[in-house]
$ cat upload.cif   # mmCIF, C-alpha atoms
data_target
#
loop_
_atom_site.group_PDB
_atom_site.id
_atom_site.type_symbol
_atom_site.label_atom_id
_atom_site.label_comp_id
_atom_site.auth_asym_id
_atom_site.auth_seq_id
_atom_site.Cartn_x
_atom_site.Cartn_y
_atom_site.Cartn_z
ATOM 1 C CA MET A 11 41.153 -111.514 -19.086
ATOM 2 C CA GLU A 12 40.582 -109.628 -22.349
ATOM 3 C CA THR A 13 40.470 -106.347 -20.418
ATOM 4 C CA LEU A 14 43.814 -107.090 -18.821
ATOM 5 C CA LEU A 15 45.246 -108.028 -22.242
ATOM 6 C CA ASP A 16 44.006 -104.801 -23.862
ATOM 7 C CA PHE A 17 45.384 -102.767 -20.985
ATOM 8 C CA SER A 18 48.773 -104.406 -21.312
ATOM 9 C CA LYS A 19 48.823 -103.680 -25.062
ATOM 10 C CA LEU A 20 47.906 -100.063 -24.446
ATOM 11 C CA SER A 21 50.574 -99.832 -21.784
ATOM 12 C CA GLU A 22 53.116 -101.333 -24.170
ATOM 13 C CA LEU A 23 52.147 -98.908 -26.948
ATOM 14 C CA PHE A 24 52.296 -96.008 -24.547
ATOM 15 C CA THR A 25 55.699 -97.077 -23.280
ATOM 16 C CA THR A 26 56.967 -97.499 -26.846
ATOM 17 C CA TYR A 27 55.625 -94.367 -28.485
ATOM 18 C CA ALA A 28 55.206 -91.855 -25.657
ATOM 19 C CA PRO A 29 58.935 -90.976 -25.511
ATOM 20 C CA LYS A 30 58.979 -90.615 -29.300
ATOM 21 C CA VAL A 31 55.926 -88.348 -29.288
ATOM 22 C CA VAL A 32 57.289 -86.207 -26.473
ATOM 23 C CA GLY A 33 60.701 -86.078 -28.132
ATOM 24 C CA ALA A 34 59.154 -85.175 -31.488
ATOM 25 C CA ILE A 35 57.065 -82.398 -29.938
ATOM 26 C CA LEU A 36 60.081 -80.996 -28.079
ATOM 27 C CA THR A 37 62.198 -81.277 -31.239
ATOM 28 C CA LEU A 38 59.498 -79.504 -33.268
ATOM 29 C CA ILE A 39 59.138 -76.665 -30.757
ATOM 30 C CA PHE A 40 62.873 -76.194 -30.267
ATOM 31 C CA GLY A 41 63.622 -76.650 -33.969
ATOM 32 C CA LEU A 42 61.102 -74.018 -35.064
ATOM 33 C CA TRP A 43 62.384 -71.645 -32.378
ATOM 34 C CA LEU A 44 65.971 -72.233 -33.496
ATOM 35 C CA ALA A 45 65.026 -71.716 -37.158
ATOM 36 C CA ASN A 46 63.372 -68.383 -36.332
ATOM 37 C CA TRP A 47 66.337 -67.350 -34.171
ATOM 38 C CA LEU A 48 68.878 -68.186 -36.877
ATOM 39 C CA THR A 49 66.769 -66.411 -39.504
ATOM 40 C CA GLY A 50 66.627 -63.305 -37.331
ATOM 41 C CA ARG A 51 70.394 -63.361 -36.784
ATOM 42 C CA ILE A 52 71.035 -63.757 -40.517
ATOM 43 C CA ARG A 53 68.585 -60.944 -41.304
ATOM 44 C CA ALA A 54 70.338 -58.651 -38.786
ATOM 45 C CA ALA A 55 73.753 -59.565 -40.211
ATOM 46 C CA MET A 56 72.640 -58.746 -43.764
ATOM 47 C CA LYS A 57 71.204 -55.395 -42.655
ATOM 48 C CA SER A 58 74.416 -54.541 -40.805
ATOM 49 C CA ARG A 59 76.345 -55.172 -44.036
ATOM 50 C CA ALA A 60 74.061 -52.692 -45.860
ATOM 51 C CA ILE A 61 72.647 -55.352 -48.200
ATOM 52 C CA ASP A 62 69.777 -53.972 -50.256
ATOM 53 C CA GLU A 63 66.478 -53.894 -48.378
ATOM 54 C CA HIS A 64 64.707 -55.635 -51.267
ATOM 55 C CA VAL A 65 67.026 -58.671 -51.030
ATOM 56 C CA VAL A 66 67.062 -59.173 -47.255
ATOM 57 C CA PRO A 67 63.415 -60.345 -46.847
ATOM 58 C CA PHE A 68 63.665 -62.767 -49.761
ATOM 59 C CA ILE A 69 66.917 -64.395 -48.622
ATOM 60 C CA ALA A 70 65.651 -64.543 -45.029
ATOM 61 C CA SER A 71 62.393 -66.226 -46.113
ATOM 62 C CA VAL A 72 64.266 -68.814 -48.219
ATOM 63 C CA ILE A 73 66.544 -69.646 -45.289
ATOM 64 C CA SER A 74 63.588 -69.800 -42.912
ATOM 65 C CA VAL A 75 61.632 -72.198 -45.128
ATOM 66 C CA GLY A 76 64.687 -74.399 -45.661
ATOM 67 C CA LEU A 77 65.410 -74.687 -41.923
ATOM 68 C CA LYS A 78 61.765 -75.446 -41.085
ATOM 69 C CA VAL A 79 61.609 -78.160 -43.751
ATOM 70 C CA MET A 80 64.711 -79.741 -42.172
ATOM 71 C CA VAL A 81 63.009 -79.636 -38.742
ATOM 72 C CA LEU A 82 59.858 -81.304 -40.101
ATOM 73 C CA LEU A 83 61.903 -84.029 -41.816
ATOM 74 C CA SER A 84 63.779 -84.648 -38.576
ATOM 75 C CA VAL A 85 60.515 -84.958 -36.642
ATOM 76 C CA ALA A 86 59.123 -87.360 -39.254
ATOM 77 C CA SER A 87 62.240 -89.548 -39.041
ATOM 78 C CA MET A 88 61.769 -89.808 -35.271
ATOM 79 C CA PHE A 89 58.492 -91.669 -35.921
ATOM 80 C CA GLY A 90 60.256 -94.058 -38.260
ATOM 81 C CA ILE A 91 58.937 -92.454 -41.424
ATOM 82 C CA GLU A 92 61.325 -92.874 -44.335
ATOM 83 C CA THR A 93 62.345 -89.376 -45.422
ATOM 84 C CA THR A 94 64.571 -90.430 -48.308
ATOM 85 C CA SER A 95 61.559 -90.776 -50.594
ATOM 86 C CA PHE A 96 60.388 -87.265 -49.687
ATOM 87 C CA VAL A 97 63.861 -85.879 -50.322
ATOM 88 C CA ALA A 98 63.985 -87.626 -53.688
ATOM 89 C CA ILE A 99 60.572 -86.207 -54.649
ATOM 90 C CA PHE A 100 61.559 -82.695 -53.578
ATOM 91 C CA SER A 101 64.844 -82.987 -55.486
ATOM 92 C CA ALA A 102 63.052 -84.124 -58.646
ATOM 93 C CA LEU A 103 60.548 -81.281 -58.363
ATOM 94 C CA ALA A 104 63.329 -78.749 -57.800
ATOM 95 C CA PHE A 105 65.236 -80.107 -60.808
ATOM 96 C CA ALA A 106 62.150 -79.948 -63.057
ATOM 97 C CA ILE A 107 61.287 -76.428 -61.914
ATOM 98 C CA GLY A 108 64.900 -75.376 -62.388
ATOM 99 C CA LEU A 109 64.914 -76.597 -65.991
ATOM 100 C CA ALA A 110 61.583 -74.926 -66.737
ATOM 101 C CA LEU A 111 62.675 -71.615 -65.235
ATOM 102 C CA GLN A 112 66.331 -71.758 -66.208
ATOM 103 C CA GLY A 113 66.371 -68.324 -67.856
ATOM 104 C CA SER A 114 64.276 -66.671 -65.152
ATOM 105 C CA LEU A 115 66.388 -68.175 -62.378
ATOM 106 C CA GLY A 116 69.500 -66.865 -64.100
ATOM 107 C CA HIS A 117 68.016 -63.368 -64.228
ATOM 108 C CA PHE A 118 66.958 -63.714 -60.596
ATOM 109 C CA ALA A 119 70.448 -64.753 -59.484
ATOM 110 C CA SER A 120 71.920 -61.840 -61.439
ATOM 111 C CA GLY A 121 69.414 -59.474 -59.822
ATOM 112 C CA VAL A 122 70.455 -60.633 -56.358
ATOM 113 C CA LEU A 123 74.129 -60.088 -57.248
ATOM 114 C CA ILE A 124 73.369 -56.582 -58.531
ATOM 115 C CA LEU A 125 71.454 -55.689 -55.378
ATOM 116 C CA ILE A 126 74.228 -57.054 -53.156
ATOM 117 C CA PHE A 127 77.351 -55.737 -54.929
ATOM 118 C CA LYS A 128 75.672 -52.569 -56.293
ATOM 119 C CA PRO A 129 77.573 -51.813 -59.535
ATOM 120 C CA TYR A 130 75.016 -49.009 -59.889
ATOM 121 C CA LYS A 131 72.136 -47.593 -57.884
ATOM 122 C CA VAL A 132 68.816 -45.935 -58.623
ATOM 123 C CA GLY A 133 69.397 -42.534 -60.240
ATOM 124 C CA ASP A 134 72.814 -43.363 -61.732
ATOM 125 C CA LEU A 135 73.444 -42.587 -65.385
ATOM 126 C CA VAL A 136 74.665 -45.824 -66.967
ATOM 127 C CA ASN A 137 75.440 -47.389 -70.310
ATOM 128 C CA ILE A 138 74.295 -51.010 -70.428
ATOM 129 C CA GLY A 139 74.634 -52.783 -73.754
ATOM 130 C CA GLY A 140 74.566 -49.472 -75.633
ATOM 131 C CA ASN A 141 71.458 -48.272 -73.767
ATOM 132 C CA ILE A 142 72.203 -44.969 -72.022
ATOM 133 C CA GLY A 143 69.834 -43.768 -69.330
ATOM 134 C CA ASN A 144 69.200 -43.182 -65.659
ATOM 135 C CA VAL A 145 68.464 -46.219 -63.519
ATOM 136 C CA GLU A 146 64.791 -45.909 -62.616
ATOM 137 C CA GLU A 147 64.367 -49.158 -60.716
ATOM 138 C CA ILE A 148 66.356 -52.296 -59.895
ATOM 139 C CA GLN A 149 64.052 -55.305 -59.753
ATOM 140 C CA VAL A 150 64.914 -58.909 -58.966
ATOM 141 C CA PHE A 151 64.575 -59.969 -62.618
ATOM 142 C CA ASN A 152 65.052 -56.706 -64.559
ATOM 143 C CA THR A 153 66.719 -53.296 -64.456
ATOM 144 C CA LEU A 154 64.638 -50.353 -65.676
ATOM 145 C CA LEU A 155 66.374 -47.451 -67.441
ATOM 146 C CA LEU A 156 64.835 -44.104 -68.341
ATOM 147 C CA THR A 157 66.519 -42.697 -71.453
ATOM 148 C CA PRO A 158 66.987 -38.953 -72.073
ATOM 149 C CA ASP A 159 64.143 -39.038 -74.618
ATOM 150 C CA GLY A 160 61.721 -40.460 -72.051
ATOM 151 C CA LYS A 161 61.752 -44.118 -73.107
ATOM 152 C CA ARG A 162 61.722 -46.866 -70.488
ATOM 153 C CA VAL A 163 64.179 -49.651 -71.330
ATOM 154 C CA ILE A 164 63.690 -52.975 -69.516
ATOM 155 C CA ILE A 165 66.919 -54.983 -69.427
ATOM 156 C CA PRO A 166 67.006 -58.549 -68.015
ATOM 157 C CA ASN A 167 69.540 -58.744 -65.203
ATOM 158 C CA GLY A 168 71.232 -61.735 -66.799
ATOM 159 C CA VAL A 169 72.080 -59.509 -69.769
ATOM 160 C CA VAL A 170 73.372 -56.831 -67.398
ATOM 161 C CA THR A 171 75.814 -59.065 -65.533
ATOM 162 C CA GLY A 172 76.819 -60.843 -68.737
ATOM 163 C CA GLY A 173 78.046 -57.659 -70.421
ATOM 164 C CA VAL A 174 79.950 -54.446 -69.801
ATOM 165 C CA ILE A 175 78.409 -51.918 -67.416
ATOM 166 C CA ILE A 176 79.542 -48.300 -67.743
ATOM 167 C CA ASN A 177 78.469 -46.364 -64.666
ATOM 168 C CA ILE A 178 78.739 -42.779 -65.853
ATOM 169 C CA SER A 179 77.628 -41.376 -62.505
ATOM 170 C CA GLY A 180 79.867 -43.651 -60.444
ATOM 171 C CA PRO A 181 82.838 -41.366 -59.628
ATOM 172 C CA GLY A 182 80.614 -38.310 -59.075
ATOM 173 C CA THR A 183 82.270 -36.176 -61.770
ATOM 174 C CA ILE A 184 82.453 -36.734 -65.500
ATOM 175 C CA ARG A 185 84.134 -35.218 -68.536
ATOM 176 C CA VAL A 186 81.838 -34.059 -71.337
ATOM 177 C CA ASP A 187 83.565 -34.715 -74.681
ATOM 178 C CA MET A 188 82.453 -32.517 -77.578
ATOM 179 C CA THR A 189 83.785 -31.479 -80.981
ATOM 180 C CA PHE A 190 83.348 -28.074 -82.627
ATOM 181 C CA GLY A 191 84.641 -27.089 -86.047
ATOM 182 C CA ILE A 192 85.672 -23.689 -87.425
ATOM 183 C CA SER A 193 86.544 -22.550 -90.907
ATOM 184 C CA TYR A 194 90.136 -22.589 -92.124
ATOM 185 C CA ARG A 195 89.786 -18.823 -92.583
ATOM 186 C CA ASP A 196 89.049 -18.225 -88.878
ATOM 187 C CA ASP A 197 91.628 -17.531 -86.198
ATOM 188 C CA ILE A 198 92.308 -20.512 -83.946
ATOM 189 C CA ASP A 199 93.269 -18.464 -80.877
ATOM 190 C CA ARG A 200 90.182 -16.305 -81.178
ATOM 191 C CA ALA A 201 87.917 -19.352 -81.442
ATOM 192 C CA ARG A 202 89.618 -20.924 -78.420
ATOM 193 C CA LYS A 203 89.020 -17.751 -76.401
ATOM 194 C CA VAL A 204 85.328 -17.722 -77.344
ATOM 195 C CA ILE A 205 84.916 -21.363 -76.291
ATOM 196 C CA GLN A 206 86.692 -20.677 -72.991
ATOM 197 C CA GLU A 207 84.416 -17.724 -72.261
ATOM 198 C CA VAL A 208 81.344 -19.870 -72.868
ATOM 199 C CA ALA A 209 82.678 -22.574 -70.526
ATOM 200 C CA ASP A 210 83.473 -19.958 -67.859
ATOM 201 C CA GLY A 211 79.912 -18.651 -68.125
ATOM 202 C CA CYS A 212 78.374 -22.053 -67.406
ATOM 203 C CA ALA A 213 77.802 -22.457 -63.664
ATOM 204 C CA MET A 214 77.659 -26.260 -63.999
ATOM 205 C CA VAL A 215 81.185 -26.544 -65.463
ATOM 206 C CA LEU A 216 83.768 -27.244 -62.767
ATOM 207 C CA LYS A 217 86.758 -24.930 -62.450
ATOM 208 C CA THR A 218 89.079 -27.825 -61.735
ATOM 209 C CA PRO A 219 90.158 -29.719 -63.703
ATOM 210 C CA PRO A 220 90.382 -26.970 -66.327
ATOM 211 C CA VAL A 221 88.568 -27.219 -69.633
ATOM 212 C CA ASP A 222 90.609 -28.808 -72.425
ATOM 213 C CA ILE A 223 90.262 -26.887 -75.701
ATOM 214 C CA LEU A 224 92.529 -28.628 -78.190
ATOM 215 C CA VAL A 225 92.859 -28.691 -81.975
ATOM 216 C CA SER A 226 92.072 -32.340 -82.617
ATOM 217 C CA GLU A 227 91.817 -32.561 -86.403
ATOM 218 C CA LEU A 228 92.468 -30.687 -89.646
ATOM 219 C CA ALA A 229 89.456 -32.084 -91.443
ATOM 220 C CA ASP A 230 88.391 -31.712 -95.077
ATOM 221 C CA SER A 231 86.212 -28.667 -94.455
ATOM 222 C CA SER A 232 87.030 -27.552 -90.921
ATOM 223 C CA VAL A 233 89.553 -27.186 -88.136
ATOM 224 C CA ASN A 234 88.083 -29.241 -85.296
ATOM 225 C CA PHE A 235 88.397 -28.489 -81.585
ATOM 226 C CA ALA A 236 88.100 -31.159 -78.916
ATOM 227 C CA VAL A 237 86.326 -29.413 -76.025
ATOM 228 C CA ARG A 238 86.335 -31.297 -72.704
ATOM 229 C CA PRO A 239 84.765 -29.592 -69.665
ATOM 230 C CA TRP A 240 84.219 -31.402 -66.373
ATOM 231 C CA CYS A 241 80.991 -31.357 -64.347
ATOM 232 C CA LYS A 242 79.059 -33.318 -61.751
ATOM 233 C CA SER A 243 77.594 -36.521 -63.139
ATOM 234 C CA GLU A 244 73.992 -35.373 -62.772
ATOM 235 C CA HIS A 245 74.748 -32.280 -64.911
ATOM 236 C CA PHE A 246 76.146 -34.209 -67.886
ATOM 237 C CA TRP A 247 73.313 -33.540 -70.316
ATOM 238 C CA ASP A 248 72.780 -29.971 -69.045
ATOM 239 C CA VAL A 249 76.398 -29.070 -69.802
ATOM 240 C CA TYR A 250 76.332 -30.911 -73.118
ATOM 241 C CA PHE A 251 73.328 -28.997 -74.437
ATOM 242 C CA TYR A 252 74.386 -25.686 -72.867
ATOM 243 C CA MET A 253 77.788 -25.740 -74.559
ATOM 244 C CA HIS A 254 76.394 -26.572 -77.997
ATOM 245 C CA GLU A 255 73.795 -23.825 -77.899
ATOM 246 C CA HIS A 256 75.936 -21.061 -76.408
ATOM 247 C CA ILE A 257 79.047 -21.791 -78.453
ATOM 248 C CA LYS A 258 76.977 -21.467 -81.630
ATOM 249 C CA LYS A 259 75.602 -18.124 -80.395
ATOM 250 C CA ALA A 260 79.052 -16.937 -79.315
ATOM 251 C CA PHE A 261 80.597 -17.926 -82.664
ATOM 252 C CA ASP A 262 77.886 -15.995 -84.526
ATOM 253 C CA LYS A 263 78.408 -12.963 -82.324
ATOM 254 C CA SER A 264 82.212 -13.065 -82.726
ATOM 255 C CA GLY A 265 82.190 -13.710 -86.470
ATOM 256 C CA VAL A 266 83.608 -17.248 -86.168
ATOM 257 C CA SER A 267 82.039 -19.451 -88.801
ATOM 258 C CA ILE A 268 81.037 -23.087 -88.447
ATOM 259 C CA PRO A 269 81.690 -24.688 -91.852
ATOM 260 C CA PHE A 270 79.654 -27.334 -93.584
ATOM 261 C CA PRO A 271 80.747 -29.809 -96.272
ATOM 262 C CA GLN A 272 81.134 -28.036 -99.594
ATOM 263 C CA MET A 273 82.851 -28.482 -102.933
ATOM 264 C CA ASP A 274 84.498 -25.950 -105.232
ATOM 265 C CA VAL A 275 83.957 -26.717 -108.913
ATOM 266 C CA HIS A 276 86.277 -25.085 -111.490
ATOM 267 C CA LEU A 277 85.100 -25.083 -115.130
ATOM 268 C CA PRO A 278 87.629 -24.454 -117.909
ATOM 269 C CA LYS A 279 86.976 -21.482 -120.165
ATOM 270 C CA ALA A 280 85.491 -22.368 -123.523
ATOM 271 C CA GLY A 281 87.497 -21.900 -126.736
#
$ encode --input "upload.cif" --output "structure tokens"
Amino acid sequence: METLLDFSKLSELFTTYAPKVVGAILTLIFGLWLANWLTGRIRAAMKSRAIDEHVVPFIASVISVGLKVMVLLSVASMFGIETTSFVAIFSALAFAIGLALQGSLGHFASGVLILIFKPYKVGDLVNIGGNIGNVEEIQVFNTLLLTPDGKRVIIPNGVVTGGVIINISGPGTIRVDMTFGISYRDDIDRARKVIQEVADGCAMVLKTPPVDILVSELADSSVNFAVRPWCKSEHFWDVYFYMHEHIKKAFDKSGVSIPFPQMDVHLPKAG
């Protein structure tokens, strides 16, 4: 009698839970397969939109983990396990972690935006918050600049997106603005010709647009020229230093003087 009773209980348990177990296993297998399939499709879509290769794996992994957690919660609910408590615990943990890492998460989100929308790329000459340099590396939390004097500047991405970004290399060509002064005794047309010859002798200066050589100011001690040649963005500093050196040499050779601040003192004659 007891054997028959035990068998009937086992049969009842099997009848009750077997469909749930089979359904849970099928749900788990199909759910994990679907999560992997959706993750692969999202990864392919991001790559087709030329999203940065450093961002794609991270976003894909976050989506994959999120989908698999949803599958596991669904399987647990099929066995009658209350999932609301787990969701509440996960939400509380996420909230606490978010508060603790508020600044870092902000920099991370900004880094993702930079990598997706690409206001600049590695190698570009940029001005970020008054820091001028070439972009050496774009990380998830920071942007690394290499300044002309060899310093590495690490800028948090939250600061980057929260301020003005000047991408000097962006258009591909750039105007190099410089100022050169001559003495009031020197001939303006002659000085302009010398400057033009120096610009024509620089292979990195573009022929079009033409170089602007304009009298910009009649200063206290000098007549100042605004000299504005155009060049490719990567040649900015080369042109800048070339023009300063060779204009000084050309002025010396042509007898055009570069004045410096001075004062004439007149003393009255005694008696």
$ resolve_selection --input "upload.cif" --expression "the PyMOL selection byres ((chain A and resi 137) around 10)" --output "list of chain:residue names"
A:Asp134, A:Leu135, A:Val136, A:Ile138, A:Gly139, A:Gly140, A:Asn141, A:Ile142, A:Gly143, A:Asn144, A:Val145, A:Leu155, A:Val174, A:Ile175, A:Ile176, A:Asn177, A:Ile178
$ closest_residue --input "upload.cif" --among "A:Ser120, A:Ser84, A:Ser243, A:Ser232" --to "A:Ile184" --atoms "all atoms listed in the file"
A:Ser243
$ closest_residue --input "upload.cif" --among "A:Glu147, A:Met88, A:Ile35, A:Gly191" --to "A:Glu227" --atoms "all atoms listed in the file"
A:Gly191
$ atom_distance --input "upload.cif" --atom1 "atom CA of A:Ala236" --atom2 "atom CA of A:Arg202"
10.4 Å
$ resolve_selection --input "upload.cif" --expression "the PyMOL selection byres ((chain A and resi 252) around 12)" --output "JSON, numbers by chain"
{"A": [186, 188, 205, 208, 209, 210, 211, 212, 213, 214, 215, 239, 245, 246, 247, 248, 249, 250, 251, 253, 254, 255, 256, 257, 258, 259, 260]}
$ residues_around --input "upload.cif" --residues "stretch 194-198 of chain A" --least-positions-apart "3" --cutoff "8 Å" --atoms "only C-alpha atoms" --output "JSON, numbers by chain"
{"A": [201, 202, 231, 232, 233, 266, 267]}
$ residues_around --input "upload.cif" --residues "A:Ile165" --least-positions-apart "2" --cutoff "9 Å" --atoms "all atoms listed in the file" --output "compact mmCIF listing (two decimals) with C-alpha atoms, in the frame of the given file"
# COMPACT_ATOMS: atom_id res chain seq x y z
CA ILE A 138 74.30 -51.01 -70.43
CA PHE A 151 64.58 -59.97 -62.62
CA ASN A 152 65.05 -56.71 -64.56
CA THR A 153 66.72 -53.30 -64.46
CA LEU A 154 64.64 -50.35 -65.68
CA LEU A 155 66.37 -47.45 -67.44
CA VAL A 163 64.18 -49.65 -71.33
CA ASN A 167 69.54 -58.74 -65.20
CA GLY A 168 71.23 -61.74 -66.80
CA VAL A 169 72.08 -59.51 -69.77
CA VAL A 170 73.37 -56.83 -67.40
$ atom_distance --input "upload.cif" --atom1 "atom CA of A:Val75" --atom2 "atom CA of A:Thr171"
28.1 Å
$ residues_around --input "upload.cif" --residues "A:Gln206" --least-positions-apart "6" --cutoff "10 Å" --atoms "only C-alpha atoms" --output "count of residues only"
8
$ residues_around --input "upload.cif" --residues "A:Arg51" --least-positions-apart "6" --cutoff "10 Å" --atoms "all atoms listed in the file" --output "VMD selection string"
chain A and resid 45 57 70
$ write_last_selection --input "upload.cif" --atoms "C-alpha atoms" --output "PDB file, keeping the file's coordinate frame"
ATOM      1  CA  ALA A  45      65.026 -71.716 -37.158  1.00  0.00           C
ATOM      2  CA  LYS A  57      71.204 -55.395 -42.655  1.00  0.00           C
ATOM      3  CA  ALA A  70      65.651 -64.543 -45.029  1.00  0.00           C
TER       4      ALA A  70
END
